[in-house]
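For reference, model.json is printed below; it contains JSON, C-alpha atoms and all ligand atoms.
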```
[["chain", "number", "residue", "atom", "x", "y", "z"],
["A", 1, "MET", "CA", 0.00, 0.00, 0.00],
["A", 2, "TYR", "CA", 2.78, 2.43, 0.93],
["A", 3, "LEU", "CA", 4.73, 1.61, -2.19],
["A", 4, "LYS", "CA", 1.68, 2.26, -4.32],
["A", 5, "THR", "CA", 1.08, 5.59, -2.68],
["A", 6, "TYR", "CA", 4.72, 6.41, -3.18],
["A", 7, "LEU", "CA", 4.65, 5.39, -6.85],
["A", 8, "ASN", "CA", 1.55, 7.45, -7.47],
["A", 9, "TYR", "CA", 3.15, 10.40, -5.74],
["A", 10, "ARG", "CA", 6.39, 9.96, -7.67],
["A", 11, "ASN", "CA", 4.47, 9.81, -10.95],
["A", 12, "PHE", "CA", 2.65, 12.92, -9.92],
["A", 13, "LEU", "CA", 5.89, 14.77, -9.15],
["A", 14, "MET", "CA", 7.42, 13.61, -12.40],
["A", 15, "GLY", "CA", 4.50, 15.11, -14.23],
["A", 16, "TYR", "CA", 3.05, 11.84, -15.53],
["A", 17, "LYS", "CA", -0.65, 11.77, -16.21],
["A", 18, "MET", "CA", -2.49, 10.28, -13.32],
["A", 19, "ASP", "CA", -5.06, 8.66, -15.62],
["A", 20, "ILE", "CA", -3.61, 5.74, -17.50],
["A", 21, "VAL", "CA", -6.84, 4.74, -19.27],
["A", 22, "LYS", "CA", -9.72, 7.09, -19.83],
["A", 23, "ALA", "CA", -12.83, 5.92, -21.67],
["A", 24, "LYS", "CA", -15.33, 8.61, -22.45],
["A", 25, "ASN", "CA", -18.80, 7.79, -23.76],
["A", 26, "VAL", "CA", -17.51, 4.78, -25.66],
["A", 27, "LEU", "CA", -19.94, 3.15, -28.07],
["A", 28, "TYR", "CA", -19.15, 0.06, -30.10],
["A", 29, "GLU", "CA", -21.52, -1.98, -32.26],
["A", 30, "TYR", "CA", -21.07, -5.24, -34.13],
["A", 31, "ILE", "CA", -22.93, -5.16, -37.39],
["A", 32, "ARG", "CA", -24.08, -8.47, -38.85],
["A", 33, "ARG", "CA", -24.61, -8.69, -42.61],
["A", 34, "ASP", "CA", -25.98, -11.37, -44.90],
["A", 35, "ASP", "CA", -24.19, -12.70, -47.99],
["A", 36, "GLU", "CA", -25.35, -9.71, -50.04],
["A", 37, "GLY", "CA", -23.90, -7.33, -47.48],
["A", 38, "GLU", "CA", -27.28, -6.20, -46.19],
["A", 39, "VAL", "CA", -27.36, -5.36, -42.49],
["A", 40, "ILE", "CA", -29.37, -8.02, -40.67],
["A", 41, "GLY", "CA", -28.62, -7.09, -37.09],
["A", 42, "ILE", "CA", -26.73, -4.77, -34.80],
["A", 43, "THR", "CA", -25.37, -5.67, -31.37],
["A", 44, "THR", "CA", -24.47, -2.75, -29.16],
["A", 45, "ALA", "CA", -21.60, -4.40, -27.31],
["A", 46, "VAL", "CA", -20.33, -1.30, -25.49],
["A", 47, "ASP", "CA", -22.96, 1.29, -24.78],
["A", 48, "HIS", "CA", -21.67, 4.73, -23.78],
["A", 49, "VAL", "CA", -19.15, 3.57, -21.22],
["A", 50, "ASN", "CA", -17.15, 5.95, -19.05],
["A", 51, "MET", "CA", -14.17, 4.71, -17.08],
["A", 52, "ASP", "CA", -11.21, 6.49, -15.52],
["A", 53, "ILE", "CA", -8.38, 4.26, -14.45],
["A", 54, "LYS", "CA", -5.51, 5.70, -12.43],
["A", 55, "GLN", "CA", -1.89, 4.73, -12.85],
["A", 56, "GLY", "CA", -1.01, 2.00, -10.36],
["A", 57, "ASP", "CA", -4.58, 0.89, -9.64],
["A", 58, "PHE", "CA", -5.81, -2.68, -9.58],
["A", 59, "ILE", "CA", -9.16, -2.63, -11.35],
["A", 60, "ALA", "CA", -11.59, -5.51, -11.82],
["A", 61, "ILE", "CA", -14.31, -5.67, -14.45],
["A", 62, "LEU", "CA", -17.16, -8.06, -13.77],
["A", 63, "GLY", "CA", -20.15, -9.08, -15.81],
["A", 64, "HIS", "CA", -21.84, -12.20, -17.12],
["A", 65, "ASN", "CA", -21.19, -13.58, -20.61],
["A", 66, "GLY", "CA", -21.91, -11.16, -23.40],
["A", 67, "SER", "CA", -21.99, -8.06, -21.21],
["A", 68, "GLY", "CA", -19.30, -6.38, -23.33],
["A", 69, "LYS", "CA", -16.18, -6.86, -21.20],
["A", 70, "SER", "CA", -13.93, -8.20, -23.94],
["A", 71, "THR", "CA", -15.10, -5.65, -26.47],
["A", 72, "LEU", "CA", -14.34, -2.87, -24.02],
["A", 73, "ALA", "CA", -10.94, -4.38, -23.14],
["A", 74, "LYS", "CA", -9.98, -4.45, -26.81],
["A", 75, "HIS", "CA", -10.43, -0.69, -26.84],
["A", 76, "PHE", "CA", -7.79, -0.31, -24.15],
["A", 77, "ASN", "CA", -5.00, -1.39, -26.44],
["A", 78, "ALA", "CA", -6.38, -0.16, -29.73],
["A", 79, "ILE", "CA", -7.45, -3.54, -31.14],
["A", 80, "LEU", "CA", -10.78, -1.76, -31.54],
["A", 81, "VAL", "CA", -11.49, 1.95, -31.73],
["A", 82, "PRO", "CA", -14.81, 3.43, -30.60],
["A", 83, "GLU", "CA", -17.51, 4.41, -33.04],
["A", 84, "GLU", "CA", -18.49, 7.18, -30.70],
["A", 85, "GLY", "CA", -16.55, 8.62, -27.79],
["A", 86, "THR", "CA", -12.85, 8.39, -27.07],
["A", 87, "VAL", "CA", -10.33, 6.17, -25.37],
["A", 88, "ILE", "CA", -7.16, 7.80, -24.10],
["A", 89, "VAL", "CA", -4.29, 5.54, -23.04],
["A", 90, "ASP", "CA", -1.45, 7.29, -21.25],
["A", 91, "GLY", "CA", -2.45, 10.55, -22.84],
["A", 92, "VAL", "CA", -2.76, 9.17, -26.40],
["A", 93, "ASP", "CA", -6.06, 8.92, -28.27],
["A", 94, "THR", "CA", -6.40, 5.31, -29.54],
["A", 95, "SER", "CA", -7.88, 6.55, -32.81],
["A", 96, "GLU", "CA", -4.48, 8.02, -33.79],
["A", 97, "GLU", "CA", -3.41, 5.31, -36.19],
["A", 98, "ASP", "CA", 0.30, 6.07, -36.09],
["A", 99, "LYS", "CA", 0.33, 5.66, -32.32],
["A", 100, "VAL", "CA", -1.10, 2.15, -32.24],
["A", 101, "TRP", "CA", 2.21, 0.47, -31.43],
["A", 102, "ASP", "CA", 3.02, 2.94, -28.67],
["A", 103, "ILE", "CA", -0.37, 2.21, -27.17],
["A", 104, "ARG", "CA", 0.06, -1.56, -27.41],
["A", 105, "GLN", "CA", 3.43, -1.31, -25.76],
["A", 106, "ASN", "CA", 1.97, 0.73, -22.93],
["A", 107, "ALA", "CA", -1.12, -1.39, -22.46],
["A", 108, "GLY", "CA", -0.38, -5.09, -22.85],
["A", 109, "MET", "CA", -3.10, -7.68, -23.13],
["A", 110, "VAL", "CA", -3.31, -11.23, -21.77],
["A", 111, "PHE", "CA", -6.10, -13.47, -23.06],
["A", 112, "GLN", "CA", -7.99, -16.49, -21.80],
["A", 113, "ASN", "CA", -6.19, -19.27, -23.60],
["A", 114, "PRO", "CA", -2.46, -19.45, -22.86],
["A", 115, "ASP", "CA", -1.90, -21.86, -25.75],
["A", 116, "ASN", "CA", -2.82, -19.18, -28.29],
["A", 117, "GLN", "CA", -0.37, -16.68, -26.83],
["A", 118, "ILE", "CA", 2.82, -18.67, -26.59],
["A", 119, "ILE", "CA", 4.83, -18.95, -29.79],
["A", 120, "GLY", "CA", 8.38, -19.68, -28.65],
["A", 121, "GLN", "CA", 9.86, -23.18, -28.38],
["A", 122, "VAL", "CA", 11.75, -22.18, -25.26],
["A", 123, "VAL", "CA", 10.30, -20.08, -22.45],
["A", 124, "GLU", "CA", 12.95, -17.34, -22.50],
["A", 125, "GLU", "CA", 12.70, -16.96, -26.28],
["A", 126, "ASP", "CA", 8.97, -16.59, -26.07],
["A", 127, "VAL", "CA", 9.23, -13.86, -23.47],
["A", 128, "GLY", "CA", 11.86, -12.08, -25.56],
["A", 129, "PHE", "CA", 9.80, -11.96, -28.76],
["A", 130, "GLY", "CA", 7.99, -8.73, -27.99],
["A", 131, "PRO", "CA", 11.04, -6.61, -27.17],
["A", 132, "GLU", "CA", 12.94, -8.16, -30.08],
["A", 133, "ASN", "CA", 10.16, -7.11, -32.46],
["A", 134, "ILE", "CA", 10.37, -3.50, -31.39],
["A", 135, "GLY", "CA", 14.14, -3.45, -31.78],
["A", 136, "VAL", "CA", 15.29, -3.50, -28.18],
["A", 137, "PRO", "CA", 19.09, -4.12, -28.08],
["A", 138, "THR", "CA", 19.97, -7.78, -27.43],
["A", 139, "GLU", "CA", 21.60, -7.24, -24.07],
["A", 140, "GLU", "CA", 18.59, -5.34, -22.79],
["A", 141, "ILE", "CA", 16.23, -8.03, -24.11],
["A", 142, "TRP", "CA", 17.93, -10.58, -21.85],
["A", 143, "GLU", "CA", 17.74, -8.25, -18.89],
["A", 144, "ARG", "CA", 14.05, -7.73, -19.49],
["A", 145, "VAL", "CA", 13.41, -11.45, -19.97],
["A", 146, "GLU", "CA", 15.16, -12.28, -16.73],
["A", 147, "LYS", "CA", 13.34, -9.62, -14.75],
["A", 148, "SER", "CA", 9.93, -10.47, -16.22],
["A", 149, "LEU", "CA", 10.32, -14.18, -15.59],
["A", 150, "LYS", "CA", 11.46, -13.53, -12.03],
["A", 151, "SER", "CA", 8.53, -11.30, -11.31],
["A", 152, "VAL", "CA", 6.04, -14.03, -12.25],
["A", 153, "GLY", "CA", 8.06, -16.70, -10.47],
["A", 154, "MET", "CA", 8.99, -18.58, -13.66],
["A", 155, "TYR", "CA", 12.72, -17.84, -13.96],
["A", 156, "GLU", "CA", 13.74, -21.39, -13.13],
["A", 157, "TYR", "CA", 11.75, -22.59, -16.15],
["A", 158, "ARG", "CA", 13.50, -20.28, -18.62],
["A", 159, "LYS", "CA", 15.14, -23.12, -20.57],
["A", 160, "ASN", "CA", 12.01, -25.29, -20.63],
["A", 161, "SER", "CA", 9.65, -25.92, -23.47],
["A", 162, "PRO", "CA", 6.36, -24.10, -22.84],
["A", 163, "ASN", "CA", 4.41, -27.16, -24.07],
["A", 164, "LYS", "CA", 5.29, -29.13, -20.97],
["A", 165, "LEU", "CA", 4.14, -26.49, -18.50],
["A", 166, "SER", "CA", 0.82, -26.39, -16.64],
["A", 167, "GLY", "CA", -1.90, -23.94, -17.64],
["A", 168, "GLY", "CA", -1.08, -21.62, -14.75],
["A", 169, "GLN", "CA", 2.60, -21.66, -15.63],
["A", 170, "LYS", "CA", 1.86, -20.97, -19.31],
["A", 171, "GLN", "CA", -0.34, -18.08, -18.37],
["A", 172, "ARG", "CA", 2.44, -16.65, -16.20],
["A", 173, "ILE", "CA", 4.78, -16.94, -19.20],
["A", 174, "SER", "CA", 2.23, -14.96, -21.26],
["A", 175, "ILE", "CA", 2.21, -12.31, -18.55],
["A", 176, "ALA", "CA", 6.02, -12.23, -18.53],
["A", 177, "GLY", "CA", 5.91, -11.71, -22.31],
["A", 178, "VAL", "CA", 3.72, -8.66, -21.82],
["A", 179, "LEU", "CA", 5.90, -7.40, -18.97],
["A", 180, "ALA", "CA", 9.00, -7.59, -21.14],
["A", 181, "MET", "CA", 7.48, -4.75, -23.15],
["A", 182, "LYS", "CA", 7.59, -2.63, -19.99],
["A", 183, "PRO", "CA", 3.94, -1.66, -20.14],
["A", 184, "LYS", "CA", 2.41, 0.80, -17.71],
["A", 185, "CYS", "CA", -0.79, -1.14, -17.81],
["A", 186, "ILE", "CA", -1.71, -4.80, -18.23],
["A", 187, "ILE", "CA", -5.16, -5.93, -19.24],
["A", 188, "LEU", "CA", -6.09, -9.52, -18.48],
["A", 189, "ASP", "CA", -9.24, -10.86, -20.12],
["A", 190, "GLU", "CA", -10.41, -13.82, -18.01],
["A", 191, "PRO", "CA", -6.83, -15.07, -17.68],
["A", 192, "THR", "CA", -7.81, -17.80, -15.24],
["A", 193, "ALA", "CA", -10.95, -19.09, -16.95],
["A", 194, "MET", "CA", -9.21, -22.18, -18.32],
["A", 195, "LEU", "CA", -7.10, -22.90, -15.25],
["A", 196, "ASP", "CA", -7.55, -25.22, -12.28],
["A", 197, "PRO", "CA", -7.77, -23.65, -8.80],
["A", 198, "LYS", "CA", -4.02, -23.97, -8.26],
["A", 199, "GLY", "CA", -3.24, -22.28, -11.58],
["A", 200, "ARG", "CA", -5.76, -19.56, -10.80],
["A", 201, "LYS", "CA", -4.05, -18.81, -7.51],
["A", 202, "GLU", "CA", -0.60, -18.70, -9.13],
["A", 203, "VAL", "CA", -1.71, -16.27, -11.79],
["A", 204, "LEU", "CA", -3.65, -14.07, -9.39],
["A", 205, "SER", "CA", -0.82, -13.75, -6.92],
["A", 206, "ALA", "CA", 1.66, -13.02, -9.74],
["A", 207, "VAL", "CA", -0.60, -10.23, -10.98],
["A", 208, "HIS", "CA", -0.98, -8.76, -7.50],
["A", 209, "GLU", "CA", 2.79, -8.80, -7.03],
["A", 210, "LEU", "CA", 3.32, -6.83, -10.23],
["A", 211, "ASN", "CA", 0.82, -4.29, -9.14],
["A", 212, "LYS", "CA", 2.26, -3.92, -5.65],
["A", 213, "LYS", "CA", 5.95, -4.16, -6.38],
["A", 214, "GLU", "CA", 6.27, -2.67, -9.86],
["A", 215, "GLY", "CA", 3.32, -0.33, -9.73],
["A", 216, "VAL", "CA", 1.93, -1.75, -12.99],
["A", 217, "THR", "CA", -1.72, -0.82, -13.48],
["A", 218, "VAL", "CA", -3.85, -3.97, -13.66],
["A", 219, "ILE", "CA", -7.21, -4.31, -15.36],
["A", 220, "LEU", "CA", -8.54, -7.76, -14.55],
["A", 221, "ILE", "CA", -11.62, -9.08, -16.29],
["A", 222, "THR", "CA", -13.07, -12.06, -14.51],
["A", 223, "HIS", "CA", -16.22, -13.80, -13.47],
["A", 224, "TYR", "CA", -14.68, -15.33, -10.37],
["A", 225, "MET", "CA", -15.85, -13.14, -7.51],
["A", 226, "GLU", "CA", -13.06, -14.29, -5.24],
["A", 227, "GLU", "CA", -10.55, -12.69, -7.62],
["A", 228, "VAL", "CA", -12.11, -9.28, -7.18],
["A", 229, "ILE", "CA", -11.88, -8.96, -3.40],
["A", 230, "ASP", "CA", -8.46, -7.29, -3.35],
["A", 231, "ALA", "CA", -9.08, -4.88, -6.22],
["A", 232, "ASP", "CA", -8.97, -1.12, -5.62],
["A", 233, "LYS", "CA", -12.10, -0.67, -7.68],
["A", 234, "VAL", "CA", -14.70, -2.86, -9.35],
["A", 235, "PHE", "CA", -16.79, -2.06, -12.41],
["A", 236, "VAL", "CA", -19.80, -4.23, -13.14],
["A", 237, "MET", "CA", -21.05, -4.41, -16.72],
["A", 238, "ASP", "CA", -24.41, -5.50, -18.07],
["A", 239, "ALA", "CA", -25.66, -5.25, -21.67],
["A", 240, "GLY", "CA", -22.73, -3.05, -22.64],
["A", 241, "LYS", "CA", -23.16, -0.57, -19.82],
["A", 242, "VAL", "CA", -21.34, 0.03, -16.55],
["A", 243, "VAL", "CA", -24.13, -0.59, -14.06],
["A", 244, "MET", "CA", -22.19, -0.51, -10.78],
["A", 245, "GLN", "CA", -18.84, 0.73, -9.63],
["A", 246, "GLY", "CA", -17.10, 1.05, -6.32],
["A", 247, "THR", "CA", -14.80, -0.74, -3.93],
["A", 248, "PRO", "CA", -15.32, -4.50, -3.65],
["A", 249, "ARG", "CA", -17.01, -3.92, -0.31],
["A", 250, "GLN", "CA", -19.40, -1.35, -1.76],
["A", 251, "VAL", "CA", -20.26, -3.59, -4.68],
["A", 252, "PHE", "CA", -20.61, -6.82, -2.73],
["A", 253, "THR", "CA", -22.94, -5.14, -0.27],
["A", 254, "LEU", "CA", -25.52, -5.05, -3.06],
["A", 255, "VAL", "CA", -26.21, -8.79, -3.07],
["A", 256, "ASP", "CA", -29.73, -8.47, -4.50],
["A", 257, "ASP", "CA", -28.58, -6.23, -7.35],
["A", 258, "LEU", "CA", -25.75, -8.60, -8.21],
["A", 259, "LYS", "CA", -28.13, -11.53, -8.23],
["A", 260, "SER", "CA", -30.44, -9.70, -10.61],
["A", 261, "LEU", "CA", -27.43, -9.21, -12.90],
["A", 262, "ARG", "CA", -26.89, -12.98, -12.79],
["A", 263, "LEU", "CA", -23.69, -12.55, -10.81],
["A", 264, "ASP", "CA", -22.66, -14.35, -7.68],
["A", 265, "VAL", "CA", -21.02, -12.83, -4.66],
["A", 266, "PRO", "CA", -18.10, -14.41, -2.81],
["A", 267, "GLN", "CA", -19.31, -17.38, -0.78],
["A", 268, "VAL", "CA", -18.39, -15.80, 2.54],
["A", 269, "THR", "CA", -20.21, -12.59, 1.62],
["A", 270, "LEU", "CA", -23.28, -14.62, 0.72],
["A", 271, "LEU", "CA", -23.15, -16.57, 3.95],
["A", 272, "ALA", "CA", -22.87, -13.35, 6.00],
["A", 273, "TRP", "CA", -25.75, -11.87, 4.01],
["A", 274, "GLU", "CA", -27.95, -14.93, 4.67],
["A", 275, "LEU", "CA", -27.09, -14.82, 8.39],
["A", 276, "LYS", "CA", -27.94, -11.15, 8.48],
["A", 277, "LYS", "CA", -31.30, -11.80, 6.85],
["A", 278, "ARG", "CA", -31.97, -14.31, 9.61],
["A", 279, "GLY", "CA", -31.47, -11.59, 12.19],
["A", 280, "ILE", "CA", -27.79, -11.85, 13.08],
["A", 281, "ASN", "CA", -26.33, -8.39, 13.50],
["A", 282, "LEU", "CA", -23.52, -8.34, 10.92],
["A", 283, "PRO", "CA", -22.18, -5.43, 8.85],
["A", 284, "ASP", "CA", -22.71, -5.39, 5.07],
["A", 285, "GLY", "CA", -20.12, -6.46, 2.55],
["A", 286, "ILE", "CA", -18.07, -8.99, 4.49],
["A", 287, "LEU", "CA", -15.40, -10.24, 2.08],
["A", 288, "THR", "CA", -13.25, -12.80, 3.86],
["A", 289, "SER", "CA", -13.83, -15.67, 6.26],
["A", 290, "GLN", "CA", -11.53, -13.93, 8.76],
["A", 291, "GLU", "CA", -13.80, -10.88, 8.78],
["A", 292, "LEU", "CA", -16.84, -13.08, 9.31],
["A", 293, "VAL", "CA", -15.14, -14.95, 12.15],
["A", 294, "ASP", "CA", -14.11, -11.66, 13.78],
["A", 295, "GLU", "CA", -17.61, -10.23, 13.55],
["A", 296, "LEU", "CA", -19.21, -13.38, 14.92],
["A", 297, "THR", "CA", -16.69, -13.50, 17.76],
["A", 298, "LYS", "CA", -17.66, -9.95, 18.70],
["A", 299, "LEU", "CA", -21.30, -11.07, 18.91],
["A", 300, "TYR", "CA", -20.90, -14.29, 20.86],
["B", 401, "LIG", "P1", -18.07, -10.52, -22.72],
["B", 401, "LIG", "O1", -16.60, -10.47, -22.89],
["B", 401, "LIG", "O2", -18.58, -9.77, -21.53],
["B", 401, "LIG", "O3", -18.58, -11.93, -22.73],
["B", 401, "LIG", "P2", -18.25, -9.54, -25.46],
["B", 401, "LIG", "O4", -17.58, -8.23, -25.52],
["B", 401, "LIG", "O5", -17.46, -10.72, -25.93],
["B", 401, "LIG", "O6", -18.76, -9.78, -23.96],
["B", 401, "LIG", "O7", -19.60, -9.49, -26.27],
["B", 401, "LIG", "C1", -20.53, -8.43, -26.16],
["B", 401, "LIG", "C2", -21.63, -8.63, -27.18],
["B", 401, "LIG", "O8", -21.10, -8.49, -28.48],
["B", 401, "LIG", "C3", -22.28, -10.01, -27.12],
["B", 401, "LIG", "O9", -23.64, -9.85, -27.42],
["B", 401, "LIG", "C4", -21.58, -10.77, -28.20],
["B", 401, "LIG", "O10", -22.41, -11.77, -28.74],
["B", 401, "LIG", "C5", -21.30, -9.68, -29.23],
["B", 401, "LIG", "N1", -20.05, -9.95, -29.98],
["B", 401, "LIG", "C6", -18.83, -10.14, -29.45],
["B", 401, "LIG", "N2", -17.90, -10.33, -30.43],
["B", 401, "LIG", "C7", -18.58, -10.27, -31.60],
["B", 401, "LIG", "C8", -18.18, -10.37, -32.97],
["B", 401, "LIG", "N3", -16.91, -10.57, -33.33],
["B", 401, "LIG", "N4", -19.15, -10.26, -33.92],
["B", 401, "LIG", "C9", -20.44, -10.05, -33.58],
["B", 401, "LIG", "N5", -20.88, -9.92, -32.31],
["B", 401, "LIG", "C10", -19.96, -10.03, -31.32],
["B", 402, "MG", "MG", -15.14, -11.98, -22.88]]
```
Kindly return the structure encoded in the file as structure tokens.
Amino acid sequence: MYLKTYLNYRNFLMGYKMDIVKAKNVLYEYIRRDDEGEVIGITTAVDHVNMDIKQGDFIAILGHNGSGKSTLAKHFNAILVPEEGTVIVDGVDTSEEDKVWDIRQNAGMVFQNPDNQIIGQVVEEDVGFGPENIGVPTEEIWERVEKSLKSVGMYEYRKNSPNKLSGGQKQRISIAGVLAMKPKCIILDEPTAMLDPKGRKEVLSAVHELNKKEGVTVILITHYMEEVIDADKVFVMDAGKVVMQGTPRQVFTLVDDLKSLRLDVPQVTLLAWELKKRGINLPDGILTSQELVDELTKLY
């Protein structure tokens, strides 16, 4: 926490923009056409979304399938540009075509399936691809590869073949590949969806480390509520819109609203909520079993 405050303050003193990603009134539609090219349907995937994300924050975006999370995320590194509104990444408008590569370097993306993201035959080569492509000098590439692999806890696997690694390990290699580009911001689109619980934990703790120790801004898209608890801020999407935002505690207090959005709340939060409904005097928005135990101990 102190380090983050310090990094934010340092960035402020150095004159960096405090907003790393700024989405203003973003609208994006998918247009479906038949074989003749006639429009047969329009899906408004992102519907006038506003989002300000500060440098160094850990942000979570929640929402059930089809709520527009991935479409929005693709705007954050200029894979898509808005039809209406603007997206500014580190001070650069994503619609500036000649800035696309700067934007992608600043805002790296990690996707759901690690197998589609790893191209190298050897872990360290894979992680070095990005910097090599943008012409980073060889010696610096190796420094970056080493540092990135260490920060996701995969350095000892640097000589391995990625094929033989577990899903969680592969996903951490993908993250290292993004880190080697020295991004200010990393966007992870359901990075744990295909992983077992152990892999999910590995990836989550690696991402938290980066945020805490390196001050990298994290935008985590997930539908696992447990992964959201430690975020600085949560945005909830439904039908292309941001329908809730706040701290995890603020959001998870609204159990009924979340249920109506077809979202779950963390199991402990739900348990506390059920107990409260049955007349036990508990505060709203309990997030961890420790908190629940503490509150119950106070009562009995
Ligand atoms: P999420 O990531 O929250 O599941 P998406 O951004 O993938 O949501 O999808 C939002 C909406 O846009 C959904 O209705 C989905 O069916 C539609 N959609 C997504 N990708 C495409 C595409 N390539 N072509 C047409 N419609 C799409
Ligand atoms: Mg998605």
**Request:** Check every protein, DNA and RNA residue against ligand MG 402 (chain B), keep those with an atom at most 12 Å away (counting only C-alpha atoms and all ligand atoms), and present them as a PyMOL selection string.
**Result:** chain A and resi 45+61-74+110-113+188-191+193+220-223+237+240
**Message:** Using Å and a single decimal, report how far atom O4 of ligand LIG 401 (chain B) sits from CA of Asp264 (chain A).
**Reply:**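 Between these atoms lies a distance of 19.5 Å.
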**Request:** Could you check how far CA of Lys277 (chain A) sits from CA of Leu263 (chain A), in Å to one decimal?
**Result:** 19.2 Å
**Request:** Identify, on the basis of only C-alpha atoms, every residue whose closest approach to Ala60 (chain A) does not exceed 10 Å; exclude the query and any residue fewer than 2 positions from it along the same chain; express the result as a PyMOL selection string.
**Result:** chain A and resi 57-58+62+187-188+218-223+225+227-236+245+247-248
**Asked** Got a sec: who's within 8 Å of Glu132 (chain A), counting all atoms listed in the file, leaving out chain neighbours fewer than 5 positions off, as a count of residues only?
**Response** 3
**Asked** Which is closer to Asn211 (chain A) than all the others in A:Asp93, A:Val26, A:Gln55, A:Asp196, using only C-alpha atoms?
**Response**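 Among the listed residues, A:Gln55 lies closest to Asn211 (chain A).
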Contacts of Ser289 (chain A) at 10 Å (all atoms listed in the file; same-chain gap of 5+ positions) as a PDB file with C-alpha atoms, in the coordinates of the input:
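The resulting around29.pdb:
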```pdb
ATOM      1  CA  GLN A 267     -19.310 -17.380  -0.780  1.00  0.00           C
ATOM      2  CA  VAL A 268     -18.390 -15.800   2.540  1.00  0.00           C
ATOM      3  CA  THR A 269     -20.210 -12.590   1.620  1.00  0.00           C
ATOM      4  CA  LEU A 271     -23.150 -16.570   3.950  1.00  0.00           C
ATOM      5  CA  ALA A 272     -22.870 -13.350   6.000  1.00  0.00           C
ATOM      6  CA  ASP A 294     -14.110 -11.660  13.780  1.00  0.00           C
ATOM      7  CA  GLU A 295     -17.610 -10.230  13.550  1.00  0.00           C
TER       8      GLU A 295
END
```
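Comparing A:Thr44, A:Asp19, A:Phe76, A:Ile134 by their smallest distance to ligand LIG 401 (chain B), the closest is A:Thr44 (using all atoms listed in the file).
Here CA of Val122 (chain A) and CA of Val145 (chain A) stand 12.1 Å from one another.
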